[in-house]
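Heads up, coords-v7.cif below (mmCIF, C-alpha atoms and all ligand atoms):
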```cif
data_entry
#
loop_
_atom_site.label_atom_id
_atom_site.label_comp_id
_atom_site.auth_asym_id
_atom_site.auth_seq_id
_atom_site.Cartn_x
_atom_site.Cartn_y
_atom_site.Cartn_z
CA MET A 1 -21.90 15.47 0.31
CA THR A 2 -19.56 18.41 0.65
CA GLN A 3 -19.87 21.83 -0.90
CA LEU A 4 -17.61 20.76 -3.75
CA VAL A 5 -19.32 17.47 -4.66
CA SER A 6 -22.91 17.85 -5.85
CA GLU A 7 -25.52 15.19 -5.27
CA ALA A 8 -25.49 14.34 -8.97
CA LEU A 9 -21.71 13.82 -8.98
CA TYR A 10 -21.89 11.83 -5.75
CA ASN A 11 -24.47 9.46 -7.24
CA GLU A 12 -22.36 9.09 -10.38
CA LEU A 13 -19.28 8.25 -8.31
CA VAL A 14 -21.10 5.74 -6.11
CA ALA A 15 -22.33 3.92 -9.23
CA PHE A 16 -18.82 3.95 -10.69
CA ARG A 17 -17.26 2.59 -7.51
CA HIS A 18 -19.79 -0.22 -7.28
CA LEU A 19 -19.06 -1.18 -10.88
CA VAL A 20 -15.32 -1.22 -10.18
CA HIS A 21 -15.87 -3.17 -6.97
CA GLN A 22 -17.92 -5.76 -8.81
CA ASN A 23 -15.17 -6.28 -11.41
CA PRO A 24 -11.86 -6.43 -9.53
CA GLU A 25 -8.61 -7.32 -11.28
CA LEU A 26 -5.31 -8.54 -9.85
CA SER A 27 -2.07 -6.54 -9.81
CA GLY A 28 -0.64 -6.03 -13.29
CA GLN A 29 -3.77 -7.46 -14.90
CA GLU A 30 -6.00 -4.38 -14.55
CA PHE A 31 -6.97 -4.40 -18.24
CA GLU A 32 -10.73 -3.74 -17.96
CA THR A 33 -10.10 -1.31 -15.11
CA THR A 34 -7.68 0.61 -17.34
CA LYS A 35 -10.17 0.65 -20.24
CA ARG A 36 -12.99 1.85 -17.98
CA LEU A 37 -10.88 4.67 -16.52
CA THR A 38 -9.54 5.71 -19.92
CA ALA A 39 -13.06 5.89 -21.34
CA ALA A 40 -14.32 7.90 -18.36
CA LEU A 41 -11.43 10.38 -18.65
CA LYS A 42 -11.85 10.70 -22.43
CA ALA A 43 -15.56 11.40 -21.92
CA LEU A 44 -14.47 14.35 -19.76
CA ASP A 45 -12.13 15.49 -22.56
CA ILE A 46 -9.10 14.95 -20.30
CA LYS A 47 -5.73 14.42 -22.00
CA ILE A 48 -4.46 10.83 -21.73
CA ILE A 49 -0.67 10.43 -21.73
CA GLN A 50 0.75 7.60 -23.83
CA THR A 51 2.85 5.22 -21.73
CA LYS A 52 4.82 2.00 -21.99
CA LEU A 53 3.01 0.67 -18.92
CA PRO A 54 0.98 -2.53 -19.35
CA THR A 55 -1.95 -1.20 -17.29
CA GLY A 56 -2.89 1.92 -15.36
CA VAL A 57 -3.61 5.39 -16.75
CA ILE A 58 -1.68 8.66 -16.71
CA ALA A 59 -3.63 11.81 -17.60
CA GLU A 60 -3.17 15.56 -17.35
CA ILE A 61 -5.18 18.69 -16.65
CA GLY A 62 -3.89 22.27 -16.85
CA ASP A 63 -0.85 23.97 -18.29
CA ASP A 64 2.74 23.68 -17.08
CA THR A 65 3.66 27.10 -18.54
CA LYS A 66 1.45 28.59 -15.82
CA GLY A 67 3.13 26.89 -12.87
CA PRO A 68 4.37 23.65 -11.31
CA THR A 69 3.16 20.12 -11.91
CA ILE A 70 1.47 18.35 -9.00
CA ALA A 71 0.76 14.61 -9.20
CA LEU A 72 -2.32 12.99 -7.69
CA ARG A 73 -2.03 9.24 -7.25
CA ALA A 74 -4.63 6.50 -6.79
CA ASP A 75 -3.93 2.76 -7.00
CA ILE A 76 -6.31 0.52 -8.92
CA ASP A 77 -5.52 -3.18 -8.28
CA ALA A 78 -7.38 -5.83 -6.26
CA LEU A 79 -6.36 -8.89 -4.22
CA PRO A 80 -6.54 -12.70 -4.54
CA ILE A 81 -9.23 -12.95 -1.85
CA GLU A 82 -12.71 -14.54 -2.06
CA GLU A 83 -15.24 -11.82 -1.14
CA LYS A 84 -17.65 -12.57 1.72
CA THR A 85 -19.44 -9.22 2.11
CA ASN A 86 -22.75 -10.28 0.48
CA LEU A 87 -23.00 -6.77 -0.97
CA PRO A 88 -25.35 -6.41 -3.97
CA TYR A 89 -22.27 -5.29 -5.93
CA ALA A 90 -19.91 -7.97 -4.57
CA SER A 91 -17.15 -9.27 -6.84
CA VAL A 92 -18.18 -11.37 -9.82
CA ASN A 93 -14.56 -12.44 -10.39
CA GLN A 94 -14.17 -15.53 -8.28
CA GLY A 95 -11.27 -15.37 -5.86
CA VAL A 96 -10.55 -11.70 -6.60
CA MET A 97 -11.72 -8.81 -4.41
CA HIS A 98 -11.21 -5.09 -3.90
CA ALA A 99 -10.36 -5.85 -0.27
CA CYS A 100 -7.99 -2.89 0.08
CA GLY A 101 -10.44 -0.29 -1.22
CA HIS A 102 -8.52 0.65 -4.35
CA ASP A 103 -11.96 0.87 -6.01
CA PHE A 104 -12.61 3.80 -3.65
CA HIS A 105 -9.23 5.37 -4.46
CA GLN A 106 -9.62 5.34 -8.25
CA THR A 107 -13.22 6.59 -8.03
CA SER A 108 -12.14 9.50 -5.83
CA LEU A 109 -9.44 10.50 -8.29
CA LEU A 110 -11.89 10.28 -11.18
CA GLY A 111 -14.26 12.59 -9.26
CA ALA A 112 -11.40 15.00 -8.62
CA ALA A 113 -10.47 14.88 -12.31
CA LYS A 114 -13.97 15.93 -13.30
CA ILE A 115 -13.94 18.93 -10.94
CA LEU A 116 -10.38 19.99 -11.86
CA LYS A 117 -11.20 19.73 -15.57
CA ALA A 118 -14.14 22.11 -15.09
CA GLN A 119 -11.72 24.57 -13.43
CA GLU A 120 -8.86 23.99 -15.88
CA ALA A 121 -8.61 27.57 -17.16
CA SER A 122 -8.02 28.91 -13.65
CA LEU A 123 -5.42 26.32 -12.51
CA ASN A 124 -2.01 27.82 -11.75
CA GLY A 125 -0.11 24.96 -13.34
CA ARG A 126 -0.64 21.33 -14.26
CA VAL A 127 -2.12 18.35 -12.44
CA ARG A 128 -0.96 14.86 -13.42
CA LEU A 129 -3.37 12.06 -12.57
CA ILE A 130 -1.66 8.75 -11.83
CA PHE A 131 -4.02 5.77 -11.77
CA GLN A 132 -1.36 3.30 -10.66
CA HIS A 133 -1.35 -0.43 -11.32
CA ALA A 134 0.22 -3.19 -9.20
CA GLU A 135 0.44 -1.54 -5.78
CA GLU A 136 -0.25 -4.75 -3.87
CA ILE A 137 2.84 -6.42 -5.32
CA HIS A 138 4.87 -3.23 -4.83
CA THR A 139 6.05 -2.90 -8.42
CA GLY A 140 3.66 -0.31 -9.87
CA ALA A 141 5.12 2.92 -8.47
CA ALA A 142 8.66 2.01 -9.58
CA GLU A 143 7.38 1.25 -13.10
CA VAL A 144 5.54 4.58 -13.30
CA ILE A 145 8.77 6.37 -12.29
CA GLU A 146 10.83 4.26 -14.72
CA ASP A 147 8.46 5.33 -17.51
CA GLY A 148 9.25 8.98 -16.72
CA HIS A 149 6.01 10.29 -15.26
CA LEU A 150 7.53 11.84 -12.16
CA ALA A 151 10.50 13.57 -13.79
CA ASP A 152 8.80 17.00 -14.03
CA VAL A 153 6.63 16.71 -10.90
CA GLN A 154 7.20 19.06 -7.94
CA ALA A 155 5.02 17.29 -5.37
CA ILE A 156 2.75 14.26 -5.10
CA ILE A 157 -0.43 13.66 -3.09
CA GLY A 158 -2.02 10.33 -2.25
CA PHE A 159 -4.12 8.64 0.40
CA HIS A 160 -5.36 5.30 1.65
CA ASN A 161 -8.86 4.66 2.89
CA ASN A 162 -8.85 3.70 6.55
CA PRO A 163 -11.69 1.70 8.14
CA ALA A 164 -10.51 2.66 11.63
CA PHE A 165 -11.91 6.15 11.07
CA LYS A 166 -15.31 7.55 10.09
CA ALA A 167 -16.30 9.26 6.85
CA GLY A 168 -15.37 12.92 7.24
CA GLU A 169 -12.30 12.14 9.36
CA ILE A 170 -8.87 12.48 7.72
CA GLY A 171 -5.59 11.53 9.40
CA ILE A 172 -2.46 13.44 8.35
CA LYS A 173 0.95 13.29 10.02
CA PRO A 174 4.49 14.35 9.10
CA ASN A 175 7.26 11.78 8.46
CA GLY A 176 6.49 8.02 8.70
CA ILE A 177 2.81 7.18 8.25
CA MET A 178 3.24 3.61 6.89
CA ALA A 179 6.05 1.17 7.57
CA ALA A 180 9.02 -0.08 5.59
CA VAL A 181 8.42 -3.69 4.49
CA ASP A 182 10.97 -6.52 4.43
CA GLN A 183 10.10 -10.10 3.54
CA PHE A 184 12.10 -13.21 4.40
CA TYR A 185 12.12 -16.90 3.51
CA VAL A 186 14.40 -19.39 5.29
CA LYS A 187 14.99 -22.93 4.11
CA ILE A 188 16.59 -25.42 6.51
CA LYS A 189 18.25 -28.54 5.15
CA GLY A 190 19.01 -31.25 7.69
CA VAL A 191 19.24 -35.03 7.44
CA GLY A 192 16.07 -37.10 7.65
CA SER A 193 15.75 -40.16 9.84
CA HIS A 194 13.33 -42.56 11.49
CA ALA A 195 11.57 -40.78 14.36
CA ALA A 196 12.89 -43.52 16.63
CA ASP A 197 16.52 -42.83 15.63
CA PRO A 198 16.99 -39.05 15.76
CA HIS A 199 20.71 -39.51 16.50
CA LEU A 200 21.15 -40.74 12.92
CA GLY A 201 19.76 -37.52 11.44
CA ARG A 202 20.03 -33.74 11.76
CA ASP A 203 16.65 -32.50 12.98
CA THR A 204 15.16 -29.65 10.91
CA ILE A 205 12.07 -29.25 13.10
CA VAL A 206 13.97 -28.67 16.35
CA THR A 207 16.21 -26.21 14.49
CA LEU A 208 13.28 -24.35 12.89
CA THR A 209 11.48 -23.89 16.19
CA GLN A 210 14.66 -22.75 17.98
CA ILE A 211 15.41 -20.20 15.28
CA ILE A 212 11.86 -18.84 15.21
CA ALA A 213 11.81 -18.46 19.00
CA GLN A 214 15.21 -16.71 19.07
CA LEU A 215 14.29 -14.28 16.26
CA GLN A 216 11.89 -12.56 18.66
CA THR A 217 14.88 -11.54 20.80
CA ILE A 218 15.88 -9.16 17.99
CA ILE A 219 12.84 -7.03 18.79
CA ALA A 220 13.05 -7.59 22.56
CA ARG A 221 16.82 -7.21 23.01
CA ASN A 222 18.46 -5.55 19.99
CA VAL A 223 16.06 -2.90 18.70
CA SER A 224 15.66 0.22 20.84
CA PRO A 225 12.34 0.22 22.73
CA ARG A 226 11.75 3.65 21.17
CA ASP A 227 11.67 2.21 17.64
CA ALA A 228 8.49 0.49 16.48
CA VAL A 229 9.54 -2.73 14.74
CA VAL A 230 7.53 -5.88 14.06
CA LEU A 231 8.95 -9.29 13.12
CA SER A 232 6.31 -11.88 12.24
CA VAL A 233 6.86 -15.47 11.11
CA THR A 234 3.67 -16.25 9.24
CA HIS A 235 4.20 -19.61 7.54
CA ILE A 236 6.12 -22.73 8.51
CA GLU A 237 6.26 -26.14 6.90
CA ALA A 238 8.22 -29.30 7.62
CA GLY A 239 7.46 -33.00 7.53
CA ASN A 240 4.30 -34.85 6.62
CA THR A 241 3.80 -37.71 9.05
CA TRP A 242 4.26 -38.77 12.70
CA ASN A 243 7.13 -41.21 12.60
CA VAL A 244 9.64 -39.62 10.21
CA LEU A 245 11.97 -36.73 10.91
CA PRO A 246 12.00 -34.66 7.69
CA ASP A 247 15.19 -33.69 5.91
CA GLU A 248 14.07 -30.14 5.18
CA GLY A 249 11.61 -27.42 6.09
CA PHE A 250 11.10 -23.68 5.76
CA PHE A 251 9.51 -20.63 7.32
CA GLU A 252 8.71 -17.18 5.98
CA GLY A 253 7.45 -13.86 7.25
CA THR A 254 7.94 -10.12 7.34
CA VAL A 255 9.61 -7.26 9.18
CA ARG A 256 8.00 -3.81 9.51
CA SER A 257 9.97 -0.77 10.64
CA PHE A 258 10.03 3.04 10.52
CA ASP A 259 13.69 3.81 11.21
CA GLN A 260 16.35 2.98 8.62
CA ALA A 261 19.03 2.13 11.20
CA ALA A 262 16.63 -0.25 12.96
CA ARG A 263 15.75 -1.82 9.62
CA VAL A 264 19.42 -2.51 8.87
CA LEU A 265 20.06 -3.81 12.41
CA VAL A 266 17.15 -6.29 12.25
CA LYS A 267 18.40 -7.77 8.99
CA LYS A 268 21.95 -8.10 10.34
CA ARG A 269 20.82 -9.82 13.56
CA PHE A 270 18.40 -12.04 11.60
CA TYR A 271 21.25 -13.40 9.48
CA GLU A 272 23.49 -13.90 12.53
CA ILE A 273 20.85 -15.80 14.50
CA VAL A 274 19.76 -18.00 11.60
CA GLU A 275 23.28 -18.81 10.41
CA HIS A 276 24.77 -19.47 13.84
CA LEU A 277 21.88 -21.57 15.12
CA ALA A 278 21.94 -23.59 11.91
CA GLU A 279 25.64 -24.16 12.47
CA ALA A 280 25.07 -25.11 16.10
CA TYR A 281 22.44 -27.66 15.07
CA GLN A 282 24.57 -28.93 12.17
CA VAL A 283 22.05 -28.12 9.43
CA GLU A 284 22.22 -25.81 6.42
CA ALA A 285 20.24 -22.57 6.24
CA GLU A 286 19.44 -20.65 3.08
CA ILE A 287 18.02 -17.15 3.59
CA THR A 288 16.13 -15.18 0.94
CA TRP A 289 15.58 -11.52 1.84
CA ILE A 290 13.25 -9.33 -0.22
CA LEU A 291 13.21 -5.57 0.29
CA GLY A 292 9.70 -4.11 0.01
CA PRO A 293 8.77 -0.42 0.00
CA ASN A 294 10.55 2.02 2.28
CA VAL A 295 8.73 4.08 4.88
CA THR A 296 5.88 6.18 3.51
CA ASN A 297 7.57 9.37 4.55
CA ASN A 298 5.53 12.57 4.52
CA ASP A 299 7.40 15.79 3.79
CA PRO A 300 6.95 17.92 6.96
CA LYS A 301 6.55 21.26 5.15
CA LEU A 302 3.98 20.00 2.64
CA THR A 303 2.22 18.04 5.37
CA GLU A 304 1.62 21.24 7.31
CA ILE A 305 0.05 22.87 4.24
CA VAL A 306 -2.10 19.84 3.41
CA PHE A 307 -3.17 19.49 7.06
CA GLN A 308 -4.31 23.11 7.11
CA GLU A 309 -6.03 22.99 3.71
CA THR A 310 -7.84 19.72 4.51
CA SER A 311 -9.04 21.10 7.86
CA LYS A 312 -11.26 23.52 5.89
CA PHE A 313 -13.67 20.71 4.92
CA ALA A 314 -12.88 17.64 7.07
CA ASP A 315 -12.18 16.66 10.65
CA VAL A 316 -8.38 16.40 10.47
CA PHE A 317 -6.24 14.77 13.17
CA VAL A 318 -2.79 13.22 13.64
CA PRO A 319 -3.26 9.44 13.26
CA PRO A 320 -1.05 6.66 14.62
CA ALA A 321 1.24 5.27 11.93
CA SER A 322 0.27 1.95 10.33
CA ASN A 323 2.58 -1.08 10.22
CA ALA A 324 1.28 -1.92 6.76
CA GLY A 325 3.40 -0.84 3.76
CA GLU A 326 2.65 1.28 0.68
CA ASP A 327 4.55 1.67 -2.56
CA PHE A 328 3.60 5.38 -2.54
CA ALA A 329 6.86 5.50 -0.56
CA THR A 330 8.72 4.92 -3.83
CA PHE A 331 7.28 8.14 -5.28
CA GLN A 332 8.29 10.01 -2.12
CA GLU A 333 11.91 9.02 -2.69
CA GLN A 334 11.75 11.05 -5.94
CA VAL A 335 9.63 14.05 -4.96
CA PRO A 336 8.20 15.38 -1.69
CA GLY A 337 4.74 14.07 -1.04
CA VAL A 338 1.90 13.69 1.43
CA PHE A 339 -0.06 10.52 2.11
CA ALA A 340 -3.19 10.68 4.29
CA PHE A 341 -5.66 8.24 5.84
CA ILE A 342 -9.23 8.97 4.77
CA GLY A 343 -11.82 7.51 7.13
CA THR A 344 -14.21 5.04 5.50
CA ASN A 345 -15.92 3.16 8.32
CA GLY A 346 -15.19 3.92 11.98
CA ALA A 347 -17.18 1.06 13.53
CA GLU A 348 -15.39 -0.48 16.49
CA ASN A 349 -14.92 -3.90 14.90
CA ALA A 350 -14.74 -2.76 11.27
CA PRO A 351 -12.92 -5.38 9.17
CA GLY A 352 -9.45 -4.19 8.21
CA TRP A 353 -7.62 -4.08 4.88
CA HIS A 354 -7.27 -7.44 3.09
CA HIS A 355 -10.22 -9.04 4.94
CA SER A 356 -12.84 -10.94 2.96
CA ASP A 357 -15.59 -8.86 4.62
CA PHE A 358 -13.88 -5.48 4.18
CA THR A 359 -16.22 -2.64 3.11
CA VAL A 360 -15.97 1.12 2.62
CA ASP A 361 -18.57 3.77 3.32
CA ASP A 362 -19.55 5.61 0.12
CA THR A 363 -20.30 8.80 2.04
CA ALA A 364 -16.51 9.20 2.44
CA LEU A 365 -16.17 9.73 -1.35
CA PRO A 366 -16.80 13.51 -1.33
CA PHE A 367 -14.10 14.00 1.31
CA ALA A 368 -11.55 12.02 -0.73
CA VAL A 369 -12.47 13.98 -3.88
CA GLU A 370 -12.11 17.29 -2.09
CA TYR A 371 -8.81 16.16 -0.51
CA TYR A 372 -7.35 15.72 -3.99
CA VAL A 373 -8.89 18.84 -5.55
CA SER A 374 -8.24 21.38 -2.80
CA ASN A 375 -4.71 20.19 -2.06
CA ALA A 376 -3.75 20.06 -5.74
CA LYS A 377 -4.88 23.66 -6.18
CA ARG A 378 -3.28 24.77 -2.92
CA LEU A 379 0.09 23.21 -3.83
CA LEU A 380 -0.04 24.69 -7.34
CA ASP A 381 -0.34 28.09 -5.65
CA GLU A 382 2.23 27.38 -2.90
CA LEU A 383 4.91 25.99 -5.20
CA GLN A 384 4.90 28.82 -7.78
CA SER A 385 8.50 29.77 -8.51
ZN ZN A 401 -3.51 -3.63 0.24
ZN ZN A 402 -4.08 -0.60 -0.43
#
```

Represent the supplied structure as structure tokens.
Amino acid sequence: MTQLVSEALYNELVAFRHLVHQNPELSGQEFETTKRLTAALKALDIKIIQTKLPTGVIAEIGDDTKGPTIALRADIDALPIEEKTNLPYASVNQGVMHACGHDFHQTSLLGAAKILKAQEASLNGRVRLIFQHAEEIHTGAAEVIEDGHLADVQAIIGFHNNPAFKAGEIGIKPNGIMAAVDQFYVKIKGVGSHAADPHLGRDTIVTLTQIIAQLQTIIARNVSPRDAVVLSVTHIEAGNTWNVLPDEGFFEGTVRSFDQAARVLVKKRFYEIVEHLAEAYQVEAEITWILGPNVTNNDPKLTEIVFQETSKFADVFVPPASNAGEDFATFQEQVPGVFAFIGTNGAENAPGWHHSDFTVDDTALPFAVEYYVSNAKRLLDELQS
């Protein structure tokens, strides 16, 4: 509990989160989630904005003739993971789980909505609530923007739960807090042969392993040691038996970075290494490169304000950046914003995001609610023109 969140509201929110957790839905298919949120907001007499979005909810509190518009964002989708927590409210949708804690995010924003609605008459402007769909597949934020919901927004606030920190701890830092995400897929086409006659073929497996080994030199020998960059090959397939050299194979993986120049350099070197090694080994290489979200880049000026405001009710610190990605970054390309890490576990070996035994501590809910409410009100005051 905090001063702002009463015991009654806390109990209400815990029940709501457990219900959401029990009924997770995949990205872009959050139909029941959308209905549940819409009903809860309508019950609070909060204005729902009509959208062309398939799922997700946009709502508003306050009056834009009295000041700026501040957006508060929570994502609502779940993951294709089989839950193994054994919680009494574990997922009933087989193979689907709120393993990233977006149940916690949407519940926090609903709690904030209830408090802001009760204070509506005294708000110095308007608060737009964005319950965003499809974060995990990195398409939701762009669709919300495309539908026009950021056009008249002056600043945006969001957060991610973070099991590395305890309830009551909130990490806030300026500039990059989560990484830019690139995804790659490389197909190698050689010539198959009998394992006993490799000279009659063009070996895809030798080529694949050479390429994968050499890709690590991009991080070790091309990227500046001062730039944090990760290149991980996560999946490789070729062949299916012991005495045949296969005619094709592939690998895929991801790059994470915080600096745009480093991001560009890694892609350039990746293409050079793959294409030239393929040529050297006389096979064909086909590269597919998918750009994910940019860096989640916190506006320094707003970050200072949010850091100070949040310090009034939580234990605020500067956290290390995370190499995971977030499509909140897409909003921050349109308007200045702040994204924080709200502690939700803190145990030494707490399971991380996307684990089948991932859990969040409900006692962190009041801190997340207050983070939204107090910073929305503070920015409405700060950004008066
Ligand atoms: Zn996630
Ligand atoms: Zn997430």

Could you tell me, counting only C-alpha atoms and all ligand atoms, which protein and nucleic acid residues lie no more than 10 Å from ligand ZN 402 (chain A), written as a short mmCIF file (atom, residue, chain, number, x, y, z; two decimals) with C-alpha atoms, keeping the file's coordinate frame?
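Dumped everything to pocket_13.cif:
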```cif
data_model
loop_
_atom_site.label_atom_id
_atom_site.label_comp_id
_atom_site.auth_asym_id
_atom_site.auth_seq_id
_atom_site.Cartn_x
_atom_site.Cartn_y
_atom_site.Cartn_z
CA ALA A 74 -4.63 6.50 -6.79
CA ASP A 75 -3.93 2.76 -7.00
CA ILE A 76 -6.31 0.52 -8.92
CA ASP A 77 -5.52 -3.18 -8.28
CA ALA A 78 -7.38 -5.83 -6.26
CA LEU A 79 -6.36 -8.89 -4.22
CA HIS A 98 -11.21 -5.09 -3.90
CA ALA A 99 -10.36 -5.85 -0.27
CA CYS A 100 -7.99 -2.89 0.08
CA GLY A 101 -10.44 -0.29 -1.22
CA HIS A 102 -8.52 0.65 -4.35
CA ASP A 103 -11.96 0.87 -6.01
CA HIS A 105 -9.23 5.37 -4.46
CA GLU A 135 0.44 -1.54 -5.78
CA GLU A 136 -0.25 -4.75 -3.87
CA PHE A 159 -4.12 8.64 0.40
CA HIS A 160 -5.36 5.30 1.65
CA ASN A 161 -8.86 4.66 2.89
CA ASN A 162 -8.85 3.70 6.55
CA ALA A 324 1.28 -1.92 6.76
CA GLY A 325 3.40 -0.84 3.76
CA GLU A 326 2.65 1.28 0.68
CA ASP A 327 4.55 1.67 -2.56
CA PHE A 328 3.60 5.38 -2.54
CA TRP A 353 -7.62 -4.08 4.88
CA HIS A 354 -7.27 -7.44 3.09
#
```

Which residue, A:His194, A:Arg221, A:His138, A:Lys312, has the smallest gap to ligand ZN 401 (chain A) when you use all atoms listed in the file?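 Checking each of A:His194, A:Arg221, A:His138, A:Lys312 against ligand ZN 401 (chain A), counting all atoms listed in the file, the winner is A:His138.
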
A:Ser374 proximity check over A:Gly190, A:Phe131, A:Val5, A:Arg226, using all atoms listed in the file: winner is A:Val5

Margin query: I'd like the interatomic distance between atom CA of A:Asp381 and atom CA of A:Asp45, to a tenth of an Å.
Written below: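 Between atom CA of A:Asp381 and atom CA of A:Asp45 the gap is 24.2 Å.
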
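Here the question is which of A:Ala43, A:Ala329, A:Leu200, A:Val181 gets nearest to A:Asp299 using only C-alpha atoms, and that residue is A:Ala329.
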
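If only C-alpha atoms and all ligand atoms are the atoms counted, then among A:Ile61, A:Ala364, A:Met97, A:Val316 the closest residue to ligand ZN 401 (chain A) is A:Met97.
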
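Non-sequential neighbours of A:Ser193 (distance at most 12 Å, separation of 6 or more positions within a chain, only C-alpha atoms) are His199, Leu200, Gly201, Arg202, Asp203, Thr204, Ile205, Gly239, Trp242, Asn243, Val244, Leu245, Pro246, Asp247 and Glu248 of chain A.
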
Selection above as a file: C-alpha atoms, as a compact mmCIF listing (two decimals), keeping the file's coordinate frame:
```txt
# COMPACT_ATOMS: atom_id res chain seq x y z
CA HIS A 199 20.71 -39.51 16.50
CA LEU A 200 21.15 -40.74 12.92
CA GLY A 201 19.76 -37.52 11.44
CA ARG A 202 20.03 -33.74 11.76
CA ASP A 203 16.65 -32.50 12.98
CA THR A 204 15.16 -29.65 10.91
CA ILE A 205 12.07 -29.25 13.10
CA GLY A 239 7.46 -33.00 7.53
CA TRP A 242 4.26 -38.77 12.70
CA ASN A 243 7.13 -41.21 12.60
CA VAL A 244 9.64 -39.62 10.21
CA LEU A 245 11.97 -36.73 10.91
CA PRO A 246 12.00 -34.66 7.69
CA ASP A 247 15.19 -33.69 5.91
CA GLU A 248 14.07 -30.14 5.18
```

For a quick check of understanding, using all atoms listed in the file, which of A:His276, A:Arg256, A:Arg269, A:Arg36 has the smallest distance to A:Thr207?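 Of A:His276, A:Arg256, A:Arg269, A:Arg36, the one nearest A:Thr207, counting all atoms listed in the file, is A:His276.
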
Taking into account only C-alpha atoms and all ligand atoms, which residue in the set A:Leu109, A:Ile137, A:Gly62, A:Val306 is nearest to ligand ZN 401 (chain A)?
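Selected residue with least distance to ligand ZN 401 (chain A): A:Ile137.
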
Residues near A:Val233, cut-off 9 Å, all atoms listed in the file, skip fewer than 5 positions along chain, as a PyMOL selection string
chain A and resi 184+212+251-255

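Atom CA of A:His18 to atom CA of A:Thr344 spans 14.9 Å [interatomic distance, one decimal].
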
Need the shell around stretch 50-56 of chain A: protein/DNA/RNA residues with any atom at most 8 Å away, counting only C-alpha atoms. Skip same-chain ones fewer than 4 positions apart. Format as a PyMOL selection string? chain A and resi 28-31+33-34+76+130-133+143-144+147

- Excluding A:Asn222 and residues on its chain fewer than 2 positions from it, collect all residues at most 12 Å away from it, counting all atoms listed in the file, and give them as an MDAnalysis selection string. chainID A and resid 214:220 224:227 229 261:270 273

Selected residues written out with C-alpha atoms, as a PDB file, in the frame of the given file:
```pdb
ATOM      1  CA  GLN A 214      15.210 -16.710  19.070  1.00  0.00           C
ATOM      2  CA  LEU A 215      14.290 -14.280  16.260  1.00  0.00           C
ATOM      3  CA  GLN A 216      11.890 -12.560  18.660  1.00  0.00           C
ATOM      4  CA  THR A 217      14.880 -11.540  20.800  1.00  0.00           C
ATOM      5  CA  ILE A 218      15.880  -9.160  17.990  1.00  0.00           C
ATOM      6  CA  ILE A 219      12.840  -7.030  18.790  1.00  0.00           C
ATOM      7  CA  ALA A 220      13.050  -7.590  22.560  1.00  0.00           C
ATOM      8  CA  SER A 224      15.660   0.220  20.840  1.00  0.00           C
ATOM      9  CA  PRO A 225      12.340   0.220  22.730  1.00  0.00           C
ATOM     10  CA  ARG A 226      11.750   3.650  21.170  1.00  0.00           C
ATOM     11  CA  ASP A 227      11.670   2.210  17.640  1.00  0.00           C
ATOM     12  CA  VAL A 229       9.540  -2.730  14.740  1.00  0.00           C
ATOM     13  CA  ALA A 261      19.030   2.130  11.200  1.00  0.00           C
ATOM     14  CA  ALA A 262      16.630  -0.250  12.960  1.00  0.00           C
ATOM     15  CA  ARG A 263      15.750  -1.820   9.620  1.00  0.00           C
ATOM     16  CA  VAL A 264      19.420  -2.510   8.870  1.00  0.00           C
ATOM     17  CA  LEU A 265      20.060  -3.810  12.410  1.00  0.00           C
ATOM     18  CA  VAL A 266      17.150  -6.290  12.250  1.00  0.00           C
ATOM     19  CA  LYS A 267      18.400  -7.770   8.990  1.00  0.00           C
ATOM     20  CA  LYS A 268      21.950  -8.100  10.340  1.00  0.00           C
ATOM     21  CA  ARG A 269      20.820  -9.820  13.560  1.00  0.00           C
ATOM     22  CA  PHE A 270      18.400 -12.040  11.600  1.00  0.00           C
ATOM     23  CA  ILE A 273      20.850 -15.800  14.500  1.00  0.00           C
TER      24      ILE A 273
END
```

*Name all residues at most 8 Å from A:Val318 (count only C-alpha atoms; drop same-chain ones fewer than 6 positions away) and give them as a list in words.*
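Using only C-alpha atoms, the neighbours found are Gly171, Ile172 and Lys173 of chain A.
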
Between atom CA of A:Gln94 and atom CA of A:Tyr185, what is the distance in Å, rounded to a tenth?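 That distance, rounded to one decimal, is 28.8 Å.
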
N, CA and C atoms modelled onto stretch 56-62 of chain A, as a tab-separated table (two decimals), in the coordinates of the input:
```tsv
chain	number	residue	atom	x	y	z
A	56	GLY	N	-2.93	0.63	-16.05
A	56	GLY	CA	-2.89	1.92	-15.36
A	56	GLY	C	-3.06	3.05	-16.37
A	57	VAL	N	-3.39	4.23	-15.87
A	57	VAL	CA	-3.61	5.39	-16.75
A	57	VAL	C	-2.91	6.62	-16.19
A	58	ILE	N	-2.25	7.36	-17.08
A	58	ILE	CA	-1.68	8.66	-16.71
A	58	ILE	C	-2.42	9.71	-17.54
A	59	ALA	N	-2.89	10.76	-16.89
A	59	ALA	CA	-3.63	11.81	-17.60
A	59	ALA	C	-3.23	13.17	-17.05
A	60	GLU	N	-3.60	14.21	-17.76
A	60	GLU	CA	-3.17	15.56	-17.35
A	60	GLU	C	-4.26	16.60	-17.52
A	61	ILE	N	-4.27	17.55	-16.60
A	61	ILE	CA	-5.18	18.69	-16.65
A	61	ILE	C	-4.35	19.93	-16.38
A	62	GLY	N	-4.59	21.02	-17.12
A	62	GLY	CA	-3.89	22.27	-16.85
A	62	GLY	C	-2.72	22.50	-17.79
```
